[in-house]
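Asker: Following this line is my_file_10.cif, made up of mmCIF, C-alpha atoms:
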data_query
loop_
_atom_site.label_atom_id
_atom_site.label_comp_id
_atom_site.auth_asym_id
_atom_site.auth_seq_id
_atom_site.Cartn_x
_atom_site.Cartn_y
_atom_site.Cartn_z
CA MET A 15 0.00 0.00 0.00
CA ASN A 16 1.30 3.48 -0.86
CA GLN A 17 2.87 5.20 2.14
CA HIS A 18 1.33 8.50 1.09
CA ALA A 19 -2.18 7.11 0.69
CA PRO A 20 -5.00 8.69 2.71
CA LEU A 21 -6.12 7.19 6.00
CA ASP A 22 -8.95 5.32 4.27
CA ALA A 23 -7.12 3.85 1.26
CA LYS A 24 -9.06 1.92 -1.39
CA LEU A 25 -7.79 -1.51 -2.46
CA PRO A 26 -8.21 -2.78 -6.06
CA THR A 27 -11.24 -4.76 -4.83
CA GLY A 28 -12.90 -1.48 -3.87
CA LYS A 29 -12.75 -2.20 -0.14
CA ARG A 30 -11.56 0.59 2.10
CA ILE A 31 -8.95 -0.06 4.82
CA ASN A 32 -8.38 2.30 7.70
CA ARG A 33 -4.63 2.66 8.21
CA GLY A 34 -5.04 3.19 11.94
CA THR A 35 -6.96 -0.08 12.28
CA HIS A 36 -4.37 -1.85 10.14
CA PHE A 37 -1.56 -0.56 12.40
CA TRP A 38 -3.19 -1.87 15.57
CA LYS A 39 -3.85 -5.22 13.91
CA GLN A 40 -0.13 -5.45 13.15
CA VAL A 41 0.70 -4.56 16.75
CA SER A 42 -1.71 -7.20 18.05
CA ARG A 43 -0.32 -9.82 15.69
CA ASN A 44 3.30 -9.11 16.72
CA ARG A 45 2.58 -8.17 20.32
CA PHE A 46 5.32 -10.40 21.75
CA LEU A 47 7.95 -8.80 19.53
CA TYR A 48 6.78 -5.34 20.55
CA MET A 49 6.94 -6.38 24.22
CA LEU A 50 10.66 -6.95 23.75
CA LEU A 51 10.96 -3.25 22.92
CA VAL A 52 9.37 -2.15 26.20
CA PRO A 53 12.54 -2.41 28.38
CA VAL A 54 14.62 -0.62 25.73
CA ALA A 55 12.02 2.12 25.31
CA ALA A 56 11.75 2.53 29.10
CA TYR A 57 15.53 2.80 29.40
CA LEU A 58 15.72 5.45 26.67
CA LEU A 59 12.86 7.46 28.15
CA LEU A 60 14.15 7.37 31.73
CA PHE A 61 17.89 7.77 31.20
CA LYS A 62 18.21 9.52 27.82
CA TYR A 63 15.18 11.69 27.13
CA ALA A 64 13.89 12.60 30.60
CA PRO A 65 17.26 14.07 31.73
CA MET A 66 17.17 16.43 28.72
CA ALA A 67 14.72 18.56 30.70
CA GLY A 68 17.65 19.42 32.95
CA GLU A 69 19.31 21.33 30.11
CA ILE A 70 17.24 24.30 31.25
CA ILE A 71 19.85 24.73 34.02
CA ALA A 72 22.22 26.15 31.37
CA PHE A 73 19.99 29.24 31.17
CA LYS A 74 19.63 29.71 34.92
CA ASN A 75 21.80 30.48 37.92
CA TYR A 76 21.06 27.12 39.48
CA ARG A 77 21.20 26.70 43.24
CA LEU A 78 20.44 23.44 45.01
CA ALA A 79 18.35 25.21 47.66
CA ASP A 80 16.08 26.83 45.03
CA GLY A 81 15.77 23.84 42.72
CA ILE A 82 15.55 23.97 38.92
CA TRP A 83 12.31 25.96 38.70
CA GLY A 84 13.06 28.26 41.62
CA SER A 85 16.50 29.33 40.37
CA PRO A 86 16.59 32.71 38.56
CA TRP A 87 16.84 32.98 34.79
CA VAL A 88 20.08 34.44 33.44
CA GLY A 89 19.64 33.79 29.71
CA PHE A 90 22.95 33.24 27.90
CA GLU A 91 25.09 34.50 30.77
CA GLN A 92 26.58 31.05 31.42
CA PHE A 93 27.58 30.76 27.76
CA GLY A 94 29.25 34.17 27.98
CA LYS A 95 31.30 32.97 30.95
CA LEU A 96 32.15 29.79 29.06
CA PHE A 97 33.40 31.48 25.89
CA SER A 98 35.36 34.10 27.82
CA SER A 99 37.20 31.48 29.90
CA LYS A 100 40.76 30.58 28.90
CA ASP A 101 40.36 27.16 30.49
CA PHE A 102 37.53 26.35 28.09
CA TYR A 103 39.72 26.79 25.02
CA VAL A 104 42.50 24.68 26.58
CA VAL A 105 40.17 21.75 27.31
CA LEU A 106 38.50 22.13 23.91
CA LYS A 107 41.89 21.98 22.17
CA ASN A 108 42.97 18.95 24.21
CA THR A 109 39.70 17.14 23.53
CA LEU A 110 39.87 17.73 19.79
CA LEU A 111 43.56 16.85 19.54
CA LEU A 112 43.18 13.56 21.39
CA ASN A 113 40.21 12.64 19.20
CA VAL A 114 42.10 13.54 16.02
CA TYR A 115 45.02 11.39 17.17
CA HIS A 116 42.56 8.57 17.89
CA LEU A 117 40.96 8.95 14.46
CA ILE A 118 44.32 8.84 12.67
CA PHE A 119 46.15 6.18 14.66
CA ALA A 120 43.55 4.09 16.52
CA PHE A 121 40.57 3.94 14.14
CA PRO A 122 42.37 1.90 11.41
CA VAL A 123 43.82 -0.67 13.86
CA PRO A 124 40.64 -2.81 14.29
CA ILE A 125 40.29 -2.92 10.49
CA PHE A 126 43.89 -4.13 10.13
CA LEU A 127 43.46 -6.71 12.92
CA ALA A 128 40.17 -7.95 11.47
CA ILE A 129 41.79 -8.49 8.07
CA LEU A 130 44.64 -10.45 9.68
CA LEU A 131 42.23 -12.57 11.74
CA ASN A 132 40.07 -13.20 8.69
CA GLU A 133 43.05 -14.70 6.88
CA VAL A 134 43.82 -17.19 9.69
CA ARG A 135 42.63 -20.62 8.55
CA ILE A 136 43.38 -22.68 11.70
CA GLU A 137 40.14 -22.32 13.63
CA TRP A 138 41.41 -23.01 17.18
CA TYR A 139 44.32 -20.63 16.68
CA LYS A 140 42.01 -17.93 15.37
CA ARG A 141 39.63 -18.26 18.33
CA THR A 142 42.53 -18.14 20.79
CA LEU A 143 43.83 -14.94 19.22
CA GLN A 144 40.37 -13.39 19.28
CA ASN A 145 39.89 -14.20 22.96
CA LEU A 146 43.28 -12.74 23.86
CA LEU A 147 42.47 -9.58 21.92
CA TYR A 148 39.03 -9.23 23.55
CA ILE A 149 40.20 -9.59 27.17
CA PRO A 150 41.48 -5.99 27.70
CA HIS A 151 38.06 -4.60 26.76
CA PHE A 152 36.54 -6.20 29.87
CA ILE A 153 39.14 -4.75 32.25
CA SER A 154 38.16 -1.44 33.85
CA TRP A 155 40.32 1.62 33.18
CA ILE A 156 41.16 1.91 36.88
CA VAL A 157 42.85 -1.50 36.75
CA LEU A 158 44.27 -1.08 33.27
CA GLY A 159 45.51 2.42 34.08
CA SER A 160 47.39 1.08 37.09
CA ILE A 161 49.00 -1.57 34.87
CA VAL A 162 50.05 1.07 32.31
CA ILE A 163 51.52 3.33 35.00
CA ALA A 164 53.41 0.39 36.53
CA LEU A 165 54.80 -0.72 33.16
CA LEU A 166 55.98 2.80 32.32
CA SER A 167 57.44 3.70 35.72
CA PRO A 168 60.93 5.22 35.16
CA SER A 169 62.37 3.38 38.17
CA THR A 170 60.66 -0.02 38.32
CA GLY A 171 58.73 -0.28 35.03
CA PHE A 172 59.34 -3.06 32.52
CA VAL A 173 59.69 -0.57 29.65
CA SER A 174 62.38 1.35 31.52
CA PHE A 175 64.16 -1.96 32.22
CA LEU A 176 64.25 -2.68 28.50
CA MET A 177 65.47 0.84 27.71
CA LYS A 178 68.28 0.53 30.26
CA GLY A 179 69.23 -2.79 28.70
CA LEU A 180 69.55 -1.04 25.33
CA GLY A 181 71.68 1.70 26.86
CA LEU A 182 68.91 4.34 26.71
CA GLU A 183 67.83 6.77 29.40
CA PRO A 184 64.43 5.92 30.95
CA ILE A 185 61.60 8.31 30.14
CA TYR A 186 58.93 9.37 32.61
CA PHE A 187 56.14 8.79 30.08
CA MET A 188 53.28 9.70 32.40
CA ALA A 189 54.74 13.09 33.35
CA ASP A 190 56.00 14.15 29.91
CA LYS A 191 53.69 16.42 27.90
CA PHE A 192 54.84 14.87 24.62
CA TRP A 193 54.69 11.22 25.67
CA TRP A 194 51.45 11.38 27.67
CA PRO A 195 49.19 11.70 24.57
CA VAL A 196 51.17 8.87 22.95
CA THR A 197 50.59 6.70 26.02
CA PHE A 198 46.90 7.66 26.00
CA ILE A 199 46.40 6.57 22.38
CA VAL A 200 48.49 3.38 22.63
CA SER A 201 46.73 2.26 25.83
CA GLY A 202 43.38 2.96 24.18
CA ILE A 203 44.37 0.79 21.20
CA TRP A 204 45.48 -1.97 23.56
CA LYS A 205 42.14 -1.97 25.36
CA GLU A 206 39.63 -1.51 22.53
CA ALA A 207 41.19 -2.51 19.19
CA GLY A 208 40.61 -6.25 19.63
CA PHE A 209 36.98 -5.84 20.63
CA GLY A 210 36.49 -3.42 17.73
CA THR A 211 37.23 -6.19 15.24
CA ILE A 212 33.88 -7.90 15.92
CA LEU A 213 31.81 -5.75 13.55
CA TYR A 214 34.41 -5.91 10.79
CA LEU A 215 34.71 -9.70 11.05
CA ALA A 216 30.92 -9.97 10.86
CA ALA A 217 30.94 -7.79 7.73
CA MET A 218 33.70 -9.92 6.17
CA ALA A 219 31.70 -13.09 6.87
CA SER A 220 28.89 -11.73 4.66
CA ILE A 221 31.15 -11.25 1.62
CA ASP A 222 30.31 -13.67 -1.20
CA PRO A 223 33.11 -16.32 -1.36
CA THR A 224 32.74 -16.51 -5.14
CA LEU A 225 34.25 -13.03 -5.35
CA PHE A 226 37.49 -14.34 -3.87
CA GLU A 227 37.43 -17.32 -6.24
CA ALA A 228 36.93 -15.00 -9.20
CA ALA A 229 39.81 -12.83 -8.02
CA LYS A 230 42.06 -15.92 -7.76
CA MET A 231 41.13 -16.98 -11.27
CA ASP A 232 42.09 -13.50 -12.49
CA GLY A 233 45.52 -13.99 -10.91
CA ALA A 234 45.06 -11.74 -7.89
CA ASN A 235 47.39 -12.49 -4.99
CA LYS A 236 46.33 -12.23 -1.35
CA LEU A 237 47.02 -8.49 -1.08
CA ARG A 238 45.04 -7.84 -4.26
CA GLN A 239 42.14 -9.87 -2.93
CA ILE A 240 42.14 -7.85 0.29
CA TRP A 241 42.30 -4.55 -1.61
CA HIS A 242 39.71 -5.35 -4.30
CA VAL A 243 37.33 -7.70 -2.44
CA THR A 244 37.68 -7.54 1.35
CA LEU A 245 37.95 -3.78 1.81
CA PRO A 246 35.10 -2.92 -0.62
CA GLY A 247 33.00 -5.56 1.16
CA ILE A 248 33.36 -3.84 4.54
CA ARG A 249 33.36 -0.27 3.20
CA SER A 250 29.82 0.48 4.38
CA THR A 251 30.67 -0.75 7.90
CA ILE A 252 33.77 1.44 7.95
CA ALA A 253 31.69 4.43 6.81
CA ILE A 254 29.07 4.00 9.55
CA LEU A 255 31.67 3.54 12.30
CA LEU A 256 33.55 6.57 10.97
CA ILE A 257 30.38 8.67 11.26
CA LEU A 258 29.90 7.51 14.85
CA GLN A 259 33.55 8.19 15.68
CA VAL A 260 33.40 11.74 14.29
CA GLY A 261 30.20 12.26 16.30
CA ARG A 262 32.29 11.59 19.42
CA MET A 263 34.95 14.17 18.54
CA MET A 264 33.82 16.35 21.44
CA ASP A 265 33.91 13.52 23.96
CA VAL A 266 37.12 11.71 24.87
CA GLY A 267 35.52 9.88 27.77
CA PHE A 268 36.20 10.17 31.46
CA GLU A 269 37.62 6.95 32.89
CA GLN A 270 40.75 6.64 30.76
CA VAL A 271 41.80 10.26 31.21
CA TYR A 272 41.04 10.21 34.92
CA ALA A 273 43.03 7.00 35.43
CA LEU A 274 46.11 8.19 33.52
CA ARG A 275 46.35 11.91 34.16
CA ASN A 276 48.39 13.65 36.87
CA PRO A 277 49.13 17.31 37.76
CA ALA A 278 52.32 17.34 35.66
CA VAL A 279 50.38 16.90 32.39
CA THR A 280 47.20 18.85 33.17
CA SER A 281 47.85 21.25 30.29
CA VAL A 282 47.52 18.39 27.77
CA ALA A 283 45.35 15.93 29.74
CA GLU A 284 42.47 18.13 30.90
CA VAL A 285 39.54 17.41 28.58
CA ILE A 286 35.87 18.36 28.58
CA SER A 287 34.73 15.33 30.61
CA THR A 288 37.27 15.87 33.42
CA TYR A 289 36.71 19.63 33.29
CA VAL A 290 32.97 19.10 33.77
CA TYR A 291 33.70 16.80 36.70
CA THR A 292 36.05 19.31 38.35
CA ARG A 293 33.94 22.42 37.80
CA GLY A 294 30.49 20.84 38.01
CA ILE A 295 30.68 18.05 40.57
CA VAL A 296 33.58 19.19 42.75
CA ASN A 297 33.06 22.96 42.59
CA LEU A 298 29.23 22.77 42.25
CA GLN A 299 29.08 25.02 39.15
CA TYR A 300 26.12 23.16 37.67
CA SER A 301 24.82 25.86 35.33
CA TYR A 302 28.25 26.57 33.88
CA THR A 303 29.02 22.92 33.12
CA THR A 304 25.50 22.29 31.79
CA ALA A 305 26.10 25.12 29.30
CA LEU A 306 29.35 23.40 28.33
CA GLY A 307 27.55 20.07 27.91
CA LEU A 308 24.89 21.70 25.74
CA PHE A 309 27.57 23.30 23.55
CA GLN A 310 29.35 19.93 23.33
CA SER A 311 26.17 18.16 22.23
CA LEU A 312 25.35 20.82 19.63
CA ILE A 313 28.80 20.58 18.01
CA ALA A 314 28.61 16.77 18.05
CA LEU A 315 25.21 16.93 16.31
CA ILE A 316 26.59 19.26 13.62
CA LEU A 317 29.59 16.99 13.06
CA ILE A 318 27.61 13.77 12.78
CA VAL A 319 25.03 15.31 10.39
CA SER A 320 27.78 16.83 8.23
CA VAL A 321 29.85 13.64 8.00
CA ASN A 322 26.72 11.58 7.32
CA ARG A 323 25.91 13.83 4.35
CA ILE A 324 29.49 13.59 3.05
CA ILE A 325 29.47 9.79 3.33
CA LYS A 326 26.16 9.58 1.47
CA ALA A 327 27.46 11.96 -1.20
CA LEU A 328 30.35 9.53 -1.74
CA GLY A 329 27.85 6.77 -2.49
CA GLU A 330 27.81 4.94 0.85
CA ARG A 331 24.88 4.32 3.16
CA GLY A 332 24.70 6.74 6.07
CA LEU A 333 23.04 6.38 9.44
CA TRP A 334 19.79 7.67 7.97
#
How would this structure read if it were set down as C-alpha cells?
Answerer:
Amino acid sequence: MNQHAPLDAKLPTGKRINRGTHFWKQVSRNRFLYMLLVPVAAYLLLFKYAPMAGEIIAFKNYRLADGIWGSPWVGFEQFGKLFSSKDFYVVLKNTLLLNVYHLIFAFPVPIFLAILLNEVRIEWYKRTLQNLLYIPHFISWIVLGSIVIALLSPSTGFVSFLMKGLGLEPIYFMADKFWWPVTFIVSGIWKEAGFGTILYLAAMASIDPTLFEAAKMDGANKLRQIWHVTLPGIRSTIAILLILQVGRMMDVGFEQVYALRNPAVTSVAEVISTYVYTRGIVNLQYSYTTALGLFQSLIALILIVSVNRIIKALGERGLW
C-alpha cells in the first residue's frame, strides 16, 4: 500500500482499509515482539530523554536550595562565561587533539586486525587470538591504568628496564607532555582494538566467497584480494563507524583520562569530561558545566550530520 495514501485507502477490490486499524492489527499480531521493545524504550525514556529537561539549568543560575524551577533565569550569561574562559579553550583543544590522534592512529587498527584474523585458517588458533584480543576490553580503566603506569614507571617499570638494557635513558612517560598523549592513544588501542574487530569480522563473513574465487582466477594475490574484495566488502561498515567516531569528537571519555592523568600533564590531559567533573561536581558550578555540555552536544550533532551527508554523497549508506 502506498505510504502516502490517505487514511482510508481503497484496495483494487474497492474495499476501504483504515490505516489506523491496520496498524493496531499489526501490533496485536506481533505483540510479543513489541513487548521486547518495552525495556529498551523505558531505558531510553528514563535515562536519555527525561534528563534532557535538565538542560534548562544552562539558562539559569542554578542553586540546590532553590531547585531547577526556583532558580533565577540568566539567559545566555553562562555561555558568555564559558566562551570568555581561557580554560575552556584549553580543554576544547585537548579534547579535539586527542580525538584527532585517535581517528588517525587508533581507528584503522581494528580494520587491520580484522583483516589479519580473517586470513587465519586454523580455527582453534584464530579463536585463541580473538579471545586474547578481547580480554582488555573487559578490564576497567582503573585496573588497566594502574597496569600502564606500573609498566611505564621510570624506576621499576618493565619498559624502563628494556630501555636501560639497550643503553637508553628511561623516560617518565606519564609526566611528559609529549609522551602522555602517545601513552593515552596506545593504551586505548590496547584496550579496545581487539573488541572493535567484531563488527568488521561480521561484515567480512557476509562477503560472497565466489568473489574471492573470481579474483584468484584472475591472478590476484592475497594483497590484491584484500584490496579489491575484502575492503570494498566492509566499506559500508567502515563508513558507519567513521560517522559515529566523528560524532564523538567532542567527547574523549572520562575513565581513561582520569586514570592516567596527573598534575604534571594537566595542560595536555584536561579534557571536557574531566573539566565538567572538576567544575560541576567538585566545585558545584552546575549551570556553567551544563552550558558546556549543551555546547558539546550541539557541536557533536553538527559533526555527525555533516559527515553523514558527506558519506552519502560519496555513495555509501549513512546512518539515515
Asker: In Å to one decimal, how far is CA of Pro168 (chain A) from CA of Tyr289 (chain A)?
Answerer: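 Computed distance, CA of Tyr289 (chain A) to CA of Pro168 (chain A), equals 28.2 Å.
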Asker: Could you list, as a PyMOL selection string, every residue matched by the PyMOL selection byres ((chain A and resi 208-219) around 6) in this structure?
Answerer: chain A and resi 124+128+147-148+206-207+220-221+248
Asker: With distances taken over all atoms listed in the file, which residue among A:Ala234, A:Leu317, A:Leu333, A:Ala55 lies nearest Ile252 (chain A)?
Answerer: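 The closest residue to Ile252 (chain A) is A:Leu333.
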Asker: Which residue, A:Thr304, A:His36, A:Thr197, A:Tyr272, has the smallest gap to Pro65 (chain A) when you use all atoms listed in the file?
Answerer: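 For Pro65 (chain A), the nearest of the given residues is A:Thr304.
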Asker: Tell me, in Å to one decimal, how far CA of Leu256 (chain A) is from CA of Val114 (chain A).
Answerer: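 CA of Val114 (chain A) lies at a distance of 12.1 Å from CA of Leu256 (chain A).
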Asker: Determine the nearest neighbour of Phe119 (chain A) from the options A:Ser201, A:Gln299, A:Asn276, A:Thr224, counting all atoms listed in the file.
Answerer: A:Ser201
Asker: Might you pull out every residue within 9 Å of Ile70 (chain A), with only C-alpha atoms counted and same-chain residues fewer than 3 positions away left off, and present them as JSON, numbers by chain?
Answerer: {"A": [66, 67, 73, 74, 82, 301, 304]}
Asker: With C-alpha atoms retained, write the just-selected residues as an mmCIF file, keeping the file's coordinate frame.
Answerer:
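As written to disk, part06.cif reads:
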data_model
loop_
_atom_site.group_PDB
_atom_site.id
_atom_site.type_symbol
_atom_site.label_atom_id
_atom_site.label_comp_id
_atom_site.auth_asym_id
_atom_site.auth_seq_id
_atom_site.Cartn_x
_atom_site.Cartn_y
_atom_site.Cartn_z
ATOM 1 C CA MET A 66 17.170 16.430 28.720
ATOM 2 C CA ALA A 67 14.720 18.560 30.700
ATOM 3 C CA PHE A 73 19.990 29.240 31.170
ATOM 4 C CA LYS A 74 19.630 29.710 34.920
ATOM 5 C CA ILE A 82 15.550 23.970 38.920
ATOM 6 C CA SER A 301 24.820 25.860 35.330
ATOM 7 C CA THR A 304 25.500 22.290 31.790
#
Asker: Could you tell me how far CA of Trp83 (chain A) lies from CA of Glu69 (chain A), in Å and to one decimal?
Answerer: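 Interatomic distance, CA of Trp83 (chain A) to CA of Glu69 (chain A): 12.0 Å.
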Asker: So, counting all atoms listed in the file, which residue among A:Leu130, A:Leu112, A:Val54, A:Leu182 is closest to Trp194 (chain A)?
Answerer: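 Selected residue with least distance to Trp194 (chain A): A:Leu112.
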Asker: Given the choices A:Asp190, A:Glu284, A:Glu137, A:Glu330, which gets closest to Val266 (chain A) if the distance is worked out from all atoms listed in the file?
Answerer: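 Checking each of A:Asp190, A:Glu284, A:Glu137, A:Glu330 against Val266 (chain A), counting all atoms listed in the file, the winner is A:Glu284.
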Asker: Between A:Val105, A:Val243, A:Ile324, A:Val279, which has the minimum distance to Tyr186 (chain A) (counting all atoms listed in the file)?
Answerer: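 Checking each candidate against Tyr186 (chain A), we get A:Val279 as the closest.
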Asker: Applying 8 Å and all atoms listed in the file, which residues near Gly332 (chain A) remain after dropping the ones on its own chain fewer than 5 positions away? List them as a PDB file with C-alpha atoms, in the frame of the given file.
Answerer:
ATOM      1  CA  ALA A 253      31.690   4.430   6.810  1.00  0.00           C
ATOM      2  CA  ILE A 254      29.070   4.000   9.550  1.00  0.00           C
ATOM      3  CA  ILE A 257      30.380   8.670  11.260  1.00  0.00           C
ATOM      4  CA  ASN A 322      26.720  11.580   7.320  1.00  0.00           C
ATOM      5  CA  ARG A 323      25.910  13.830   4.350  1.00  0.00           C
ATOM      6  CA  ILE A 325      29.470   9.790   3.330  1.00  0.00           C
ATOM      7  CA  LYS A 326      26.160   9.580   1.470  1.00  0.00           C
TER       8      LYS A 326
END
Asker: Could you please give me, as a count of residues only, the residues of protein, DNA or RNA lying at most 10 Å from (42.2, 19.0, 22.1) in the coordinate frame of the file, considering all atoms listed in the file?
Answerer: 21
Asker: Got a sec: who's within 12 Å of Trp241 (chain A), counting all atoms listed in the file, leaving out chain neighbours fewer than 5 positions off, as a list in words?
Answerer: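 Contacts, with the query itself left out: Phe126, Ile129, Phe226, Ala229, Ala234, Asn235, Lys236, Pro246, Gly247, Ile248 and Arg249 of chain A.
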Asker: Tell me which residues the PyMOL selection byres ((chain A and resi 158) around 12) grabs here, as a list in words.
Answerer: Ile149, Pro150, His151, Phe152, Ile153, Ser154, Trp155, Ile156, Val157, Gly159, Ser160, Ile161, Val162, Ile163, Ala164, Leu165, Phe198, Ser201, Gly202, Trp204, Lys205, Glu206, Glu269, Gln270, Val271, Tyr272, Ala273 and Leu274 of chain A
Asker: Calculate, to one decimal in Å, the centre and edge lengths of the box along x, y and z of the file that holds all listed atoms of region 199-211 of chain A with 5 Å of margin on each side, and present them as lines of an AutoDock Vina configuration file.
Answerer:
center_x = 42.5
center_y = 0.2
center_z = 20.5
size_x = 22.0
size_y = 22.8
size_z = 20.6
